[in-house]
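These notes are about the structure you will find just below.
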Amino acid sequence: METVGILGGTGPAGRGVAARLAVAGHDVVLGSRDAARASDVASAMATRGSGTITGGTNDEAASCDLVVVATPWDSTIATVTPLRARLDGKIVISMVNALTREGREMVPVYPPRGSVAAQLAFALPQSAIVGAFHHLPAAQMEDLDSGIDADVLIFSDDAPARERVAEIVGASPGLRAVVAGSMSLASPIEAFTAVCISVNIRHKAHSYVKMAGLVE
Ligand SMILES: NC(=O)c1ccc[n+]([C@@H]2O[C@H](COP(=O)([O-])OP(=O)(O)OC[C@H]3O[C@@H](n4cnc5c(N)ncnc54)[C@H](OP(=O)(O)O)[C@@H]3O)[C@@H](O)[C@H]2O)c1
């Protein structure tokens, strides 16, 4: 079972993924710019199952077997670049969405190369970049009693890495892995998060993506 480090893991998104992966048996490190803060955040989290959640630096998180990037989009590349040597040869999962708020809506922002995942693939050429977890409502992920039953769309140009992430997601409670395809889907998958959040704002909801018609 891989250890999992989460860069920017102290935010709602990182905590939500940590909660689910720990239940599935992974030991998770919440990475932060402030290790003491990360320890406090980790200590306050409820855990269930055989995995653990601890806090540390982003450098410590990047030393784990598998790494999730959960920073704001405009600090993602600055966060990973100094960690490149630690991330070489590893699966790096991006859940980062480039979005900005305009009134009652979230709208997509298109970074250079069209998506954050593509930016990561350029910045980390020796890592296997996999996109996942983009559309999940963080609070429902962290609350293990929320009853969430969500699909996780997964994309990568590295097929074995994509399949391993699908196995990990599928073993996590409340989540179904749906392999969507290659890195060419990064831009629409990231941008669709703007739709999910805008719907939730407008309807005062915590909806999530569930695709009908898939054979289990
Ligand atoms: N929230 C959701 O429901 C959700 C769901 C799916 C995907 N996402 C995506 O996941 C990512 C994180 O979302 P979030 O809501 O957790 O965001 P967030 O709370 O704004 O940021 C997450 C963490 O990133 C670190 N961070 C903040 N500014 C930084 C900077 N300038 N440089 C380096 N690190 C910085 C902070 O940790 P430290 O201060 O401890 O370093 C913070 O706790 C976003 O890209 C978002 O689009 C979010």
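In the structure tokens, each chain is lettered A, B, ... as it comes, each chain's residues begin at 1, and ligands are numbered from 1 in order of appearance.
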request  = Write out as a list of chain:residue names each polymer residue whose atoms come within 9 Å of A:Gly174, counting only C-alpha atoms; drop sequence neighbours fewer than 6 positions from it.
outcome  =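 Residues meeting the cut-off are A:Arg20, A:Met141, A:Leu144, A:Gly147, A:Ile148, A:Asp149, A:Ala150, A:Asp151.
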Residues as selected, all heavy atoms, written as a compact mmCIF listing (two decimals), in the first residue's frame, can you do that?
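Output below, filename part-v9.txt:
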```txt
# COMPACT_ATOMS: atom_id res chain seq x y z
N ARG A 20 -10.44 9.99 2.73
CA ARG A 20 -10.89 8.79 1.99
C ARG A 20 -9.76 7.79 1.78
O ARG A 20 -9.95 6.58 1.87
CB ARG A 20 -11.49 9.22 0.64
CG ARG A 20 -12.68 10.15 0.76
CD ARG A 20 -13.96 9.41 1.04
NE ARG A 20 -14.95 10.28 1.70
CZ ARG A 20 -16.21 9.93 1.93
NH1 ARG A 20 -16.66 8.74 1.56
NH2 ARG A 20 -17.04 10.73 2.56
N MET A 141 -16.33 14.97 1.14
CA MET A 141 -15.23 14.00 1.11
C MET A 141 -14.66 13.80 2.51
O MET A 141 -14.38 12.69 2.94
CB MET A 141 -14.14 14.49 0.16
CG MET A 141 -14.49 14.35 -1.30
SD MET A 141 -14.28 12.68 -1.88
CE MET A 141 -12.47 12.62 -1.99
N LEU A 144 -16.84 11.50 6.60
CA LEU A 144 -16.96 10.10 6.18
C LEU A 144 -18.38 9.57 6.33
O LEU A 144 -18.69 8.48 5.88
CB LEU A 144 -15.97 9.24 6.97
CG LEU A 144 -14.50 9.58 6.70
CD1 LEU A 144 -13.58 8.85 7.68
CD2 LEU A 144 -14.11 9.24 5.26
N GLY A 147 -22.28 10.21 3.09
CA GLY A 147 -23.03 9.39 2.13
C GLY A 147 -22.70 9.69 0.68
O GLY A 147 -23.42 9.27 -0.23
N ILE A 148 -21.61 10.39 0.43
CA ILE A 148 -21.24 10.70 -0.95
C ILE A 148 -21.06 9.42 -1.76
O ILE A 148 -20.57 8.39 -1.25
CB ILE A 148 -19.96 11.57 -0.97
CG1 ILE A 148 -19.75 12.17 -2.36
CG2 ILE A 148 -18.74 10.79 -0.54
CD1 ILE A 148 -18.63 13.22 -2.41
N ASP A 149 -21.50 9.47 -3.01
CA ASP A 149 -21.41 8.31 -3.92
C ASP A 149 -21.03 8.88 -5.29
O ASP A 149 -21.86 9.00 -6.17
CB ASP A 149 -22.76 7.59 -3.95
CG ASP A 149 -22.77 6.45 -4.94
OD1 ASP A 149 -21.70 5.91 -5.25
OD2 ASP A 149 -23.87 6.10 -5.42
N ALA A 150 -19.77 9.27 -5.42
CA ALA A 150 -19.35 10.10 -6.55
C ALA A 150 -18.47 9.34 -7.53
O ALA A 150 -17.76 8.41 -7.17
CB ALA A 150 -18.59 11.32 -6.03
N ASP A 151 -18.51 9.81 -8.78
CA ASP A 151 -17.56 9.33 -9.79
C ASP A 151 -16.33 10.23 -9.80
O ASP A 151 -16.44 11.45 -9.62
CB ASP A 151 -18.20 9.34 -11.18
CG ASP A 151 -19.13 8.16 -11.40
OD1 ASP A 151 -19.11 7.22 -10.57
OD2 ASP A 151 -19.87 8.17 -12.40
```
Around ligand 1, out to 9 Å and counting only C-alpha atoms and all ligand atoms, which residues are there? I want them as a PDB file with N, CA and C atoms, in the first residue's frame.
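Output below, filename pocket-v8.pdb:
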```pdb
ATOM      1  N   LEU A   7       0.469  17.783  -1.476  1.00  0.00           N
ATOM      2  CA  LEU A   7       1.019  19.149  -1.492  1.00  0.00           C
ATOM      3  C   LEU A   7      -0.147  20.124  -1.351  1.00  0.00           C
ATOM      4  N   GLY A   8      -0.043  21.041  -0.382  1.00  0.00           N
ATOM      5  CA  GLY A   8      -1.204  21.887  -0.080  1.00  0.00           C
ATOM      6  C   GLY A   8      -2.286  21.089   0.612  1.00  0.00           C
ATOM      7  N   GLY A   9      -1.886  20.080   1.360  1.00  0.00           N
ATOM      8  CA  GLY A   9      -2.850  19.135   1.938  1.00  0.00           C
ATOM      9  C   GLY A   9      -3.659  19.666   3.096  1.00  0.00           C
ATOM     10  N   THR A  10      -3.342  20.859   3.581  1.00  0.00           N
ATOM     11  CA  THR A  10      -4.095  21.411   4.719  1.00  0.00           C
ATOM     12  C   THR A  10      -5.406  22.060   4.316  1.00  0.00           C
ATOM     13  N   GLY A  11      -5.626  22.272   3.011  1.00  0.00           N
ATOM     14  CA  GLY A  11      -6.874  22.884   2.557  1.00  0.00           C
ATOM     15  C   GLY A  11      -8.012  21.870   2.529  1.00  0.00           C
ATOM     16  N   PRO A  12      -9.223  22.335   2.276  1.00  0.00           N
ATOM     17  CA  PRO A  12     -10.376  21.429   2.250  1.00  0.00           C
ATOM     18  C   PRO A  12     -10.212  20.289   1.241  1.00  0.00           C
ATOM     19  N   ALA A  13      -9.660  20.582   0.076  1.00  0.00           N
ATOM     20  CA  ALA A  13      -9.542  19.551  -0.955  1.00  0.00           C
ATOM     21  C   ALA A  13      -8.590  18.449  -0.519  1.00  0.00           C
ATOM     22  N   GLY A  14      -7.419  18.848  -0.029  1.00  0.00           N
ATOM     23  CA  GLY A  14      -6.441  17.857   0.409  1.00  0.00           C
ATOM     24  C   GLY A  14      -6.946  17.032   1.573  1.00  0.00           C
ATOM     25  N   ARG A  15      -7.612  17.697   2.510  1.00  0.00           N
ATOM     26  CA  ARG A  15      -8.138  16.966   3.674  1.00  0.00           C
ATOM     27  C   ARG A  15      -9.190  15.950   3.242  1.00  0.00           C
ATOM     28  N   GLY A  16     -10.020  16.334   2.279  1.00  0.00           N
ATOM     29  CA  GLY A  16     -11.057  15.414   1.817  1.00  0.00           C
ATOM     30  C   GLY A  16     -10.473  14.165   1.193  1.00  0.00           C
ATOM     31  N   VAL A  17      -9.473  14.344   0.344  1.00  0.00           N
ATOM     32  CA  VAL A  17      -8.825  13.174  -0.285  1.00  0.00           C
ATOM     33  C   VAL A  17      -8.103  12.345   0.777  1.00  0.00           C
ATOM     34  N   LEU A  30      -0.152  15.215   5.105  1.00  0.00           N
ATOM     35  CA  LEU A  30      -0.651  16.505   4.635  1.00  0.00           C
ATOM     36  C   LEU A  30       0.534  17.453   4.554  1.00  0.00           C
ATOM     37  N   GLY A  31       0.925  17.827   3.348  1.00  0.00           N
ATOM     38  CA  GLY A  31       2.044  18.741   3.175  1.00  0.00           C
ATOM     39  C   GLY A  31       1.610  20.189   3.272  1.00  0.00           C
ATOM     40  N   SER A  32       2.536  21.026   3.734  1.00  0.00           N
ATOM     41  CA  SER A  32       2.220  22.432   3.953  1.00  0.00           C
ATOM     42  C   SER A  32       3.490  23.259   3.872  1.00  0.00           C
ATOM     43  N   ARG A  33       3.311  24.575   3.727  1.00  0.00           N
ATOM     44  CA  ARG A  33       4.456  25.478   3.880  1.00  0.00           C
ATOM     45  C   ARG A  33       4.818  25.635   5.346  1.00  0.00           C
ATOM     46  N   ASP A  34       3.933  25.164   6.238  1.00  0.00           N
ATOM     47  CA  ASP A  34       4.121  25.327   7.679  1.00  0.00           C
ATOM     48  C   ASP A  34       3.833  23.972   8.338  1.00  0.00           C
ATOM     49  N   ALA A  35       4.895  23.244   8.676  1.00  0.00           N
ATOM     50  CA  ALA A  35       4.722  21.880   9.184  1.00  0.00           C
ATOM     51  C   ALA A  35       3.923  21.843  10.478  1.00  0.00           C
ATOM     52  N   ARG A  37       1.529  23.852  11.406  1.00  0.00           N
ATOM     53  CA  ARG A  37       0.109  24.008  11.071  1.00  0.00           C
ATOM     54  C   ARG A  37      -0.449  22.704  10.504  1.00  0.00           C
ATOM     55  N   ALA A  38       0.334  22.052   9.670  1.00  0.00           N
ATOM     56  CA  ALA A  38      -0.124  20.793   9.076  1.00  0.00           C
ATOM     57  C   ALA A  38      -0.340  19.730  10.152  1.00  0.00           C
ATOM     58  N   VAL A  41      -3.597  20.507  11.825  1.00  0.00           N
ATOM     59  CA  VAL A  41      -4.733  20.152  10.953  1.00  0.00           C
ATOM     60  C   VAL A  41      -4.928  18.633  10.945  1.00  0.00           C
ATOM     61  N   THR A  57       5.966  19.009   6.079  1.00  0.00           N
ATOM     62  CA  THR A  57       6.269  20.001   5.043  1.00  0.00           C
ATOM     63  C   THR A  57       5.834  19.456   3.677  1.00  0.00           C
ATOM     64  N   ASN A  58       5.764  20.335   2.693  1.00  0.00           N
ATOM     65  CA  ASN A  58       5.512  19.853   1.333  1.00  0.00           C
ATOM     66  C   ASN A  58       6.648  18.935   0.876  1.00  0.00           C
ATOM     67  N   VAL A  69      -1.398  16.751  -5.802  1.00  0.00           N
ATOM     68  CA  VAL A  69      -1.226  18.201  -5.774  1.00  0.00           C
ATOM     69  C   VAL A  69      -2.592  18.834  -5.514  1.00  0.00           C
ATOM     70  N   ALA A  70      -2.679  19.584  -4.402  1.00  0.00           N
ATOM     71  CA  ALA A  70      -3.957  20.190  -3.984  1.00  0.00           C
ATOM     72  C   ALA A  70      -3.749  21.645  -3.576  1.00  0.00           C
ATOM     73  N   THR A  71      -2.940  22.352  -4.327  1.00  0.00           N
ATOM     74  CA  THR A  71      -2.709  23.780  -4.075  1.00  0.00           C
ATOM     75  C   THR A  71      -3.640  24.608  -4.962  1.00  0.00           C
ATOM     76  N   PRO A  72      -3.770  25.903  -4.674  1.00  0.00           N
ATOM     77  CA  PRO A  72      -4.425  26.775  -5.655  1.00  0.00           C
ATOM     78  C   PRO A  72      -3.664  26.716  -6.984  1.00  0.00           C
ATOM     79  N   TRP A  73      -4.402  26.908  -8.084  1.00  0.00           N
ATOM     80  CA  TRP A  73      -3.797  26.698  -9.404  1.00  0.00           C
ATOM     81  C   TRP A  73      -2.637  27.641  -9.690  1.00  0.00           C
ATOM     82  N   ASP A  74      -2.727  28.857  -9.172  1.00  0.00           N
ATOM     83  CA  ASP A  74      -1.687  29.825  -9.531  1.00  0.00           C
ATOM     84  C   ASP A  74      -0.430  29.695  -8.677  1.00  0.00           C
ATOM     85  N   SER A  75      -0.422  28.732  -7.752  1.00  0.00           N
ATOM     86  CA  SER A  75       0.816  28.456  -7.012  1.00  0.00           C
ATOM     87  C   SER A  75       1.307  27.029  -7.242  1.00  0.00           C
ATOM     88  N   THR A  76       0.657  26.298  -8.139  1.00  0.00           N
ATOM     89  CA  THR A  76       0.992  24.881  -8.327  1.00  0.00           C
ATOM     90  C   THR A  76       2.415  24.701  -8.860  1.00  0.00           C
ATOM     91  N   ALA A  78       4.960  26.778  -8.946  1.00  0.00           N
ATOM     92  CA  ALA A  78       5.982  27.266  -8.000  1.00  0.00           C
ATOM     93  C   ALA A  78       6.166  26.284  -6.838  1.00  0.00           C
ATOM     94  N   THR A  79       5.104  25.569  -6.482  1.00  0.00           N
ATOM     95  CA  THR A  79       5.205  24.598  -5.380  1.00  0.00           C
ATOM     96  C   THR A  79       5.971  23.347  -5.812  1.00  0.00           C
ATOM     97  N   SER A  94      -2.930  15.280 -10.076  1.00  0.00           N
ATOM     98  CA  SER A  94      -3.394  16.672 -10.004  1.00  0.00           C
ATOM     99  C   SER A  94      -4.903  16.705  -9.817  1.00  0.00           C
ATOM    100  N   MET A  95      -5.345  17.411  -8.763  1.00  0.00           N
ATOM    101  CA  MET A  95      -6.777  17.675  -8.597  1.00  0.00           C
ATOM    102  C   MET A  95      -7.049  19.170  -8.764  1.00  0.00           C
ATOM    103  N   VAL A  96      -6.075  19.867  -9.330  1.00  0.00           N
ATOM    104  CA  VAL A  96      -6.103  21.334  -9.373  1.00  0.00           C
ATOM    105  C   VAL A  96      -6.968  21.828 -10.530  1.00  0.00           C
ATOM    106  N   ASN A  97      -7.798  22.805 -10.219  1.00  0.00           N
ATOM    107  CA  ASN A  97      -8.653  23.446 -11.222  1.00  0.00           C
ATOM    108  C   ASN A  97      -8.276  24.919 -11.330  1.00  0.00           C
ATOM    109  N   ALA A  98      -8.111  25.402 -12.540  1.00  0.00           N
ATOM    110  CA  ALA A  98      -7.850  26.827 -12.746  1.00  0.00           C
ATOM    111  C   ALA A  98      -9.190  27.537 -12.947  1.00  0.00           C
ATOM    112  N   LEU A  99      -9.615  28.248 -11.906  1.00  0.00           N
ATOM    113  CA  LEU A  99     -10.942  28.882 -11.904  1.00  0.00           C
ATOM    114  C   LEU A  99     -10.854  30.259 -11.290  1.00  0.00           C
ATOM    115  N   VAL A 116      -3.892  22.830 -15.969  1.00  0.00           N
ATOM    116  CA  VAL A 116      -2.873  22.715 -14.923  1.00  0.00           C
ATOM    117  C   VAL A 116      -2.151  21.372 -15.055  1.00  0.00           C
ATOM    118  N   ALA A 132      -7.231  13.563 -11.365  1.00  0.00           N
ATOM    119  CA  ALA A 132      -8.329  12.897 -10.633  1.00  0.00           C
ATOM    120  C   ALA A 132      -8.859  13.842  -9.566  1.00  0.00           C
ATOM    121  N   PHE A 133     -10.021  13.556  -9.057  1.00  0.00           N
ATOM    122  CA  PHE A 133     -10.636  14.241  -7.895  1.00  0.00           C
ATOM    123  C   PHE A 133     -11.096  15.672  -8.182  1.00  0.00           C
ATOM    124  N   HIS A 134     -11.142  16.109  -9.450  1.00  0.00           N
ATOM    125  CA  HIS A 134     -11.403  17.527  -9.728  1.00  0.00           C
ATOM    126  C   HIS A 134     -12.784  17.998  -9.278  1.00  0.00           C
ATOM    127  N   HIS A 135     -13.787  17.123  -9.356  1.00  0.00           N
ATOM    128  CA  HIS A 135     -15.171  17.576  -9.220  1.00  0.00           C
ATOM    129  C   HIS A 135     -15.777  17.296  -7.851  1.00  0.00           C
ATOM    130  N   LEU A 136     -14.954  16.836  -6.912  1.00  0.00           N
ATOM    131  CA  LEU A 136     -15.521  16.359  -5.645  1.00  0.00           C
ATOM    132  C   LEU A 136     -15.716  17.498  -4.647  1.00  0.00           C
ATOM    133  N   PRO A 137     -16.864  17.551  -3.988  1.00  0.00           N
ATOM    134  CA  PRO A 137     -17.067  18.569  -2.950  1.00  0.00           C
ATOM    135  C   PRO A 137     -16.267  18.187  -1.699  1.00  0.00           C
ATOM    136  N   ALA A 138     -15.356  19.079  -1.296  1.00  0.00           N
ATOM    137  CA  ALA A 138     -14.364  18.726  -0.283  1.00  0.00           C
ATOM    138  C   ALA A 138     -14.990  18.363   1.064  1.00  0.00           C
ATOM    139  N   ALA A 139     -15.977  19.135   1.491  1.00  0.00           N
ATOM    140  CA  ALA A 139     -16.535  18.890   2.824  1.00  0.00           C
ATOM    141  C   ALA A 139     -17.181  17.504   2.896  1.00  0.00           C
ATOM    142  N   GLN A 140     -17.857  17.118   1.813  1.00  0.00           N
ATOM    143  CA  GLN A 140     -18.498  15.796   1.793  1.00  0.00           C
ATOM    144  C   GLN A 140     -17.449  14.688   1.733  1.00  0.00           C
ATOM    145  N   MET A 141     -16.328  14.973   1.135  1.00  0.00           N
ATOM    146  CA  MET A 141     -15.234  13.996   1.110  1.00  0.00           C
ATOM    147  C   MET A 141     -14.656  13.799   2.509  1.00  0.00           C
ATOM    148  N   GLU A 190     -10.976  19.846 -16.158  1.00  0.00           N
ATOM    149  CA  GLU A 190     -10.726  20.923 -15.184  1.00  0.00           C
ATOM    150  C   GLU A 190     -11.790  22.024 -15.328  1.00  0.00           C
ATOM    151  N   THR A 193     -15.297  21.743 -13.757  1.00  0.00           N
ATOM    152  CA  THR A 193     -15.464  22.053 -12.329  1.00  0.00           C
ATOM    153  C   THR A 193     -16.159  23.388 -12.141  1.00  0.00           C
ATOM    154  N   ILE A 197     -19.375  23.868  -9.600  1.00  0.00           N
ATOM    155  CA  ILE A 197     -19.431  24.828  -8.494  1.00  0.00           C
ATOM    156  C   ILE A 197     -20.522  25.869  -8.748  1.00  0.00           C
TER     157      ILE A 197
END
```
Residue neighbourhood stretch 103-107 of chain A, 12 Å, only C-alpha atoms, exclusion window fewer than 3 positions, as a list of chain:residue names =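 Listing them by chain and then by number gives A:Asn97, A:Ala98, A:Leu99, A:Thr100, A:Tyr110, A:Glu190, A:Ala191, A:Phe192, A:Thr193, A:Ala194, A:Val195, A:Cys196, A:Ile197, A:Ser198, A:Val199, A:Asn200, A:Ile201, A:Arg202, A:His203, A:Lys204.
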Export of the given selection (N, CA, C and O atoms) as a PDB file, in the first residue's frame:
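Resulting contents of selection_10.pdb:
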```
ATOM      1  N   ASN A  97      -7.798  22.805 -10.219  1.00  0.00           N
ATOM      2  CA  ASN A  97      -8.653  23.446 -11.222  1.00  0.00           C
ATOM      3  C   ASN A  97      -8.276  24.919 -11.330  1.00  0.00           C
ATOM      4  O   ASN A  97      -8.162  25.598 -10.309  1.00  0.00           O
ATOM      5  N   ALA A  98      -8.111  25.402 -12.540  1.00  0.00           N
ATOM      6  CA  ALA A  98      -7.850  26.827 -12.746  1.00  0.00           C
ATOM      7  C   ALA A  98      -9.190  27.537 -12.947  1.00  0.00           C
ATOM      8  O   ALA A  98      -9.822  27.417 -13.997  1.00  0.00           O
ATOM      9  N   LEU A  99      -9.615  28.248 -11.906  1.00  0.00           N
ATOM     10  CA  LEU A  99     -10.942  28.882 -11.904  1.00  0.00           C
ATOM     11  C   LEU A  99     -10.854  30.259 -11.290  1.00  0.00           C
ATOM     12  O   LEU A  99      -9.953  30.536 -10.488  1.00  0.00           O
ATOM     13  N   THR A 100     -11.822  31.091 -11.614  1.00  0.00           N
ATOM     14  CA  THR A 100     -11.953  32.367 -10.910  1.00  0.00           C
ATOM     15  C   THR A 100     -13.439  32.653 -10.728  1.00  0.00           C
ATOM     16  O   THR A 100     -14.267  32.178 -11.501  1.00  0.00           O
ATOM     17  N   TYR A 110      -7.812  29.522 -18.431  1.00  0.00           N
ATOM     18  CA  TYR A 110      -6.996  28.583 -19.198  1.00  0.00           C
ATOM     19  C   TYR A 110      -5.530  28.978 -19.087  1.00  0.00           C
ATOM     20  O   TYR A 110      -5.101  29.959 -19.688  1.00  0.00           O
ATOM     21  N   GLU A 190     -10.976  19.846 -16.158  1.00  0.00           N
ATOM     22  CA  GLU A 190     -10.726  20.923 -15.184  1.00  0.00           C
ATOM     23  C   GLU A 190     -11.790  22.024 -15.328  1.00  0.00           C
ATOM     24  O   GLU A 190     -12.341  22.512 -14.342  1.00  0.00           O
ATOM     25  N   ALA A 191     -12.066  22.413 -16.568  1.00  0.00           N
ATOM     26  CA  ALA A 191     -13.025  23.510 -16.776  1.00  0.00           C
ATOM     27  C   ALA A 191     -14.430  23.133 -16.312  1.00  0.00           C
ATOM     28  O   ALA A 191     -15.188  24.001 -15.843  1.00  0.00           O
ATOM     29  N   PHE A 192     -14.788  21.859 -16.413  1.00  0.00           N
ATOM     30  CA  PHE A 192     -16.135  21.440 -16.010  1.00  0.00           C
ATOM     31  C   PHE A 192     -16.377  21.677 -14.519  1.00  0.00           C
ATOM     32  O   PHE A 192     -17.532  21.817 -14.084  1.00  0.00           O
ATOM     33  N   THR A 193     -15.297  21.743 -13.757  1.00  0.00           N
ATOM     34  CA  THR A 193     -15.464  22.053 -12.329  1.00  0.00           C
ATOM     35  C   THR A 193     -16.159  23.388 -12.141  1.00  0.00           C
ATOM     36  O   THR A 193     -16.907  23.578 -11.166  1.00  0.00           O
ATOM     37  N   ALA A 194     -15.944  24.317 -13.055  1.00  0.00           N
ATOM     38  CA  ALA A 194     -16.639  25.608 -12.974  1.00  0.00           C
ATOM     39  C   ALA A 194     -18.152  25.401 -13.059  1.00  0.00           C
ATOM     40  O   ALA A 194     -18.926  26.089 -12.380  1.00  0.00           O
ATOM     41  N   VAL A 195     -18.569  24.456 -13.882  1.00  0.00           N
ATOM     42  CA  VAL A 195     -20.000  24.143 -13.991  1.00  0.00           C
ATOM     43  C   VAL A 195     -20.508  23.562 -12.670  1.00  0.00           C
ATOM     44  O   VAL A 195     -21.553  23.980 -12.141  1.00  0.00           O
ATOM     45  N   CYS A 196     -19.752  22.612 -12.134  1.00  0.00           N
ATOM     46  CA  CYS A 196     -20.178  21.956 -10.876  1.00  0.00           C
ATOM     47  C   CYS A 196     -20.349  22.985  -9.764  1.00  0.00           C
ATOM     48  O   CYS A 196     -21.365  22.992  -9.056  1.00  0.00           O
ATOM     49  N   ILE A 197     -19.375  23.868  -9.600  1.00  0.00           N
ATOM     50  CA  ILE A 197     -19.431  24.828  -8.494  1.00  0.00           C
ATOM     51  C   ILE A 197     -20.522  25.869  -8.748  1.00  0.00           C
ATOM     52  O   ILE A 197     -21.256  26.254  -7.827  1.00  0.00           O
ATOM     53  N   SER A 198     -20.670  26.300  -9.990  1.00  0.00           N
ATOM     54  CA  SER A 198     -21.714  27.289 -10.296  1.00  0.00           C
ATOM     55  C   SER A 198     -23.104  26.727 -10.029  1.00  0.00           C
ATOM     56  O   SER A 198     -23.982  27.432  -9.501  1.00  0.00           O
ATOM     57  N   VAL A 199     -23.304  25.461 -10.382  1.00  0.00           N
ATOM     58  CA  VAL A 199     -24.586  24.811 -10.091  1.00  0.00           C
ATOM     59  C   VAL A 199     -24.804  24.771  -8.581  1.00  0.00           C
ATOM     60  O   VAL A 199     -25.907  25.070  -8.075  1.00  0.00           O
ATOM     61  N   ASN A 200     -23.756  24.426  -7.843  1.00  0.00           N
ATOM     62  CA  ASN A 200     -23.899  24.340  -6.389  1.00  0.00           C
ATOM     63  C   ASN A 200     -24.184  25.711  -5.764  1.00  0.00           C
ATOM     64  O   ASN A 200     -24.972  25.814  -4.824  1.00  0.00           O
ATOM     65  N   ILE A 201     -23.558  26.760  -6.299  1.00  0.00           N
ATOM     66  CA  ILE A 201     -23.823  28.103  -5.779  1.00  0.00           C
ATOM     67  C   ILE A 201     -25.276  28.475  -6.058  1.00  0.00           C
ATOM     68  O   ILE A 201     -26.025  28.900  -5.180  1.00  0.00           O
ATOM     69  N   ARG A 202     -25.691  28.288  -7.312  1.00  0.00           N
ATOM     70  CA  ARG A 202     -27.039  28.702  -7.724  1.00  0.00           C
ATOM     71  C   ARG A 202     -28.119  27.924  -6.983  1.00  0.00           C
ATOM     72  O   ARG A 202     -29.154  28.477  -6.603  1.00  0.00           O
ATOM     73  N   HIS A 203     -27.886  26.625  -6.766  1.00  0.00           N
ATOM     74  CA  HIS A 203     -28.910  25.763  -6.169  1.00  0.00           C
ATOM     75  C   HIS A 203     -28.660  25.495  -4.691  1.00  0.00           C
ATOM     76  O   HIS A 203     -29.348  24.644  -4.104  1.00  0.00           O
ATOM     77  N   LYS A 204     -27.682  26.194  -4.124  1.00  0.00           N
ATOM     78  CA  LYS A 204     -27.339  26.007  -2.701  1.00  0.00           C
ATOM     79  C   LYS A 204     -27.222  24.515  -2.378  1.00  0.00           C
ATOM     80  O   LYS A 204     -27.847  23.998  -1.441  1.00  0.00           O
TER      81      LYS A 204
END
```
inquiry  = When DSSP is applied to the backbone of this structure, which of stretch 116-216 of chain A are assigned helix (DSSP H, G or I)? Write them out as a ChimeraX atom specification.
reply    = /A:116-123,138-142,159-170,183-203
Contacts of stretch 71-145 of chain A with stretch 152-169 of chain A up to 7 Å, shortest pair per row, only C-alpha atoms, as JSON lines:
```
{"residue": "A:Ile91", "atom": "CA", "partner": "A:Ala161", "partner_atom": "CA", "distance": 6.4}
{"residue": "A:Ala128", "atom": "CA", "partner": "A:Asp158", "partner_atom": "CA", "distance": 6.3}
{"residue": "A:Ile129", "atom": "CA", "partner": "A:Ser156", "partner_atom": "CA", "distance": 6.3}
{"residue": "A:Val130", "atom": "CA", "partner": "A:Ser156", "partner_atom": "CA", "distance": 4.7}
{"residue": "A:Gly131", "atom": "CA", "partner": "A:Phe155", "partner_atom": "CA", "distance": 5.1}
{"residue": "A:Ala132", "atom": "CA", "partner": "A:Ile154", "partner_atom": "CA", "distance": 4.8}
{"residue": "A:Phe133", "atom": "CA", "partner": "A:Val152", "partner_atom": "CA", "distance": 5.6}
```
query = What are the DSSP strand (DSSP E or B) residues of stretch 19-89 of chain A, as a list in words?
reply = Val28, Val29, Leu30, Gly31, Ser32, Ile53, Thr54, Gly55, Gly56, Thr57, Leu66, Val67, Val68 and Val69 of chain A
Quick one: write out the picked residues with N, CA and C atoms as an mmCIF file, in the first residue's frame?
```cif
data_model
loop_
_atom_site.group_PDB
_atom_site.id
_atom_site.type_symbol
_atom_site.label_atom_id
_atom_site.label_comp_id
_atom_site.auth_asym_id
_atom_site.auth_seq_id
_atom_site.Cartn_x
_atom_site.Cartn_y
_atom_site.Cartn_z
ATOM 1 N N VAL A 28 -1.122 8.813 5.045
ATOM 2 C CA VAL A 28 -1.162 10.059 4.274
ATOM 3 C C VAL A 28 -0.427 11.167 5.037
ATOM 4 N N VAL A 29 0.373 11.929 4.319
ATOM 5 C CA VAL A 29 1.039 13.109 4.892
ATOM 6 C C VAL A 29 0.426 14.355 4.257
ATOM 7 N N LEU A 30 -0.152 15.215 5.105
ATOM 8 C CA LEU A 30 -0.651 16.505 4.635
ATOM 9 C C LEU A 30 0.534 17.453 4.554
ATOM 10 N N GLY A 31 0.925 17.827 3.348
ATOM 11 C CA GLY A 31 2.044 18.741 3.175
ATOM 12 C C GLY A 31 1.610 20.189 3.272
ATOM 13 N N SER A 32 2.536 21.026 3.734
ATOM 14 C CA SER A 32 2.220 22.432 3.953
ATOM 15 C C SER A 32 3.490 23.259 3.872
ATOM 16 N N ILE A 53 -3.184 9.754 9.157
ATOM 17 C CA ILE A 53 -3.019 11.091 8.560
ATOM 18 C C ILE A 53 -2.111 11.895 9.488
ATOM 19 N N THR A 54 -0.979 12.319 8.956
ATOM 20 C CA THR A 54 -0.060 13.162 9.724
ATOM 21 C C THR A 54 0.235 14.418 8.909
ATOM 22 N N GLY A 55 0.849 15.387 9.570
ATOM 23 C CA GLY A 55 1.189 16.630 8.878
ATOM 24 C C GLY A 55 2.689 16.776 8.728
ATOM 25 N N GLY A 56 3.098 17.555 7.738
ATOM 26 C CA GLY A 56 4.526 17.776 7.531
ATOM 27 C C GLY A 56 4.745 18.892 6.530
ATOM 28 N N THR A 57 5.966 19.009 6.079
ATOM 29 C CA THR A 57 6.269 20.001 5.043
ATOM 30 C C THR A 57 5.834 19.456 3.677
ATOM 31 N N LEU A 66 3.481 8.194 -3.515
ATOM 32 C CA LEU A 66 2.571 8.784 -4.506
ATOM 33 C C LEU A 66 2.170 10.153 -3.984
ATOM 34 N N VAL A 67 2.042 11.127 -4.887
ATOM 35 C CA VAL A 67 1.845 12.508 -4.441
ATOM 36 C C VAL A 67 0.619 13.112 -5.133
ATOM 37 N N VAL A 68 -0.197 13.798 -4.333
ATOM 38 C CA VAL A 68 -1.366 14.514 -4.843
ATOM 39 C C VAL A 68 -1.073 16.008 -4.756
ATOM 40 N N VAL A 69 -1.398 16.751 -5.802
ATOM 41 C CA VAL A 69 -1.226 18.201 -5.774
ATOM 42 C C VAL A 69 -2.592 18.834 -5.514
#
```
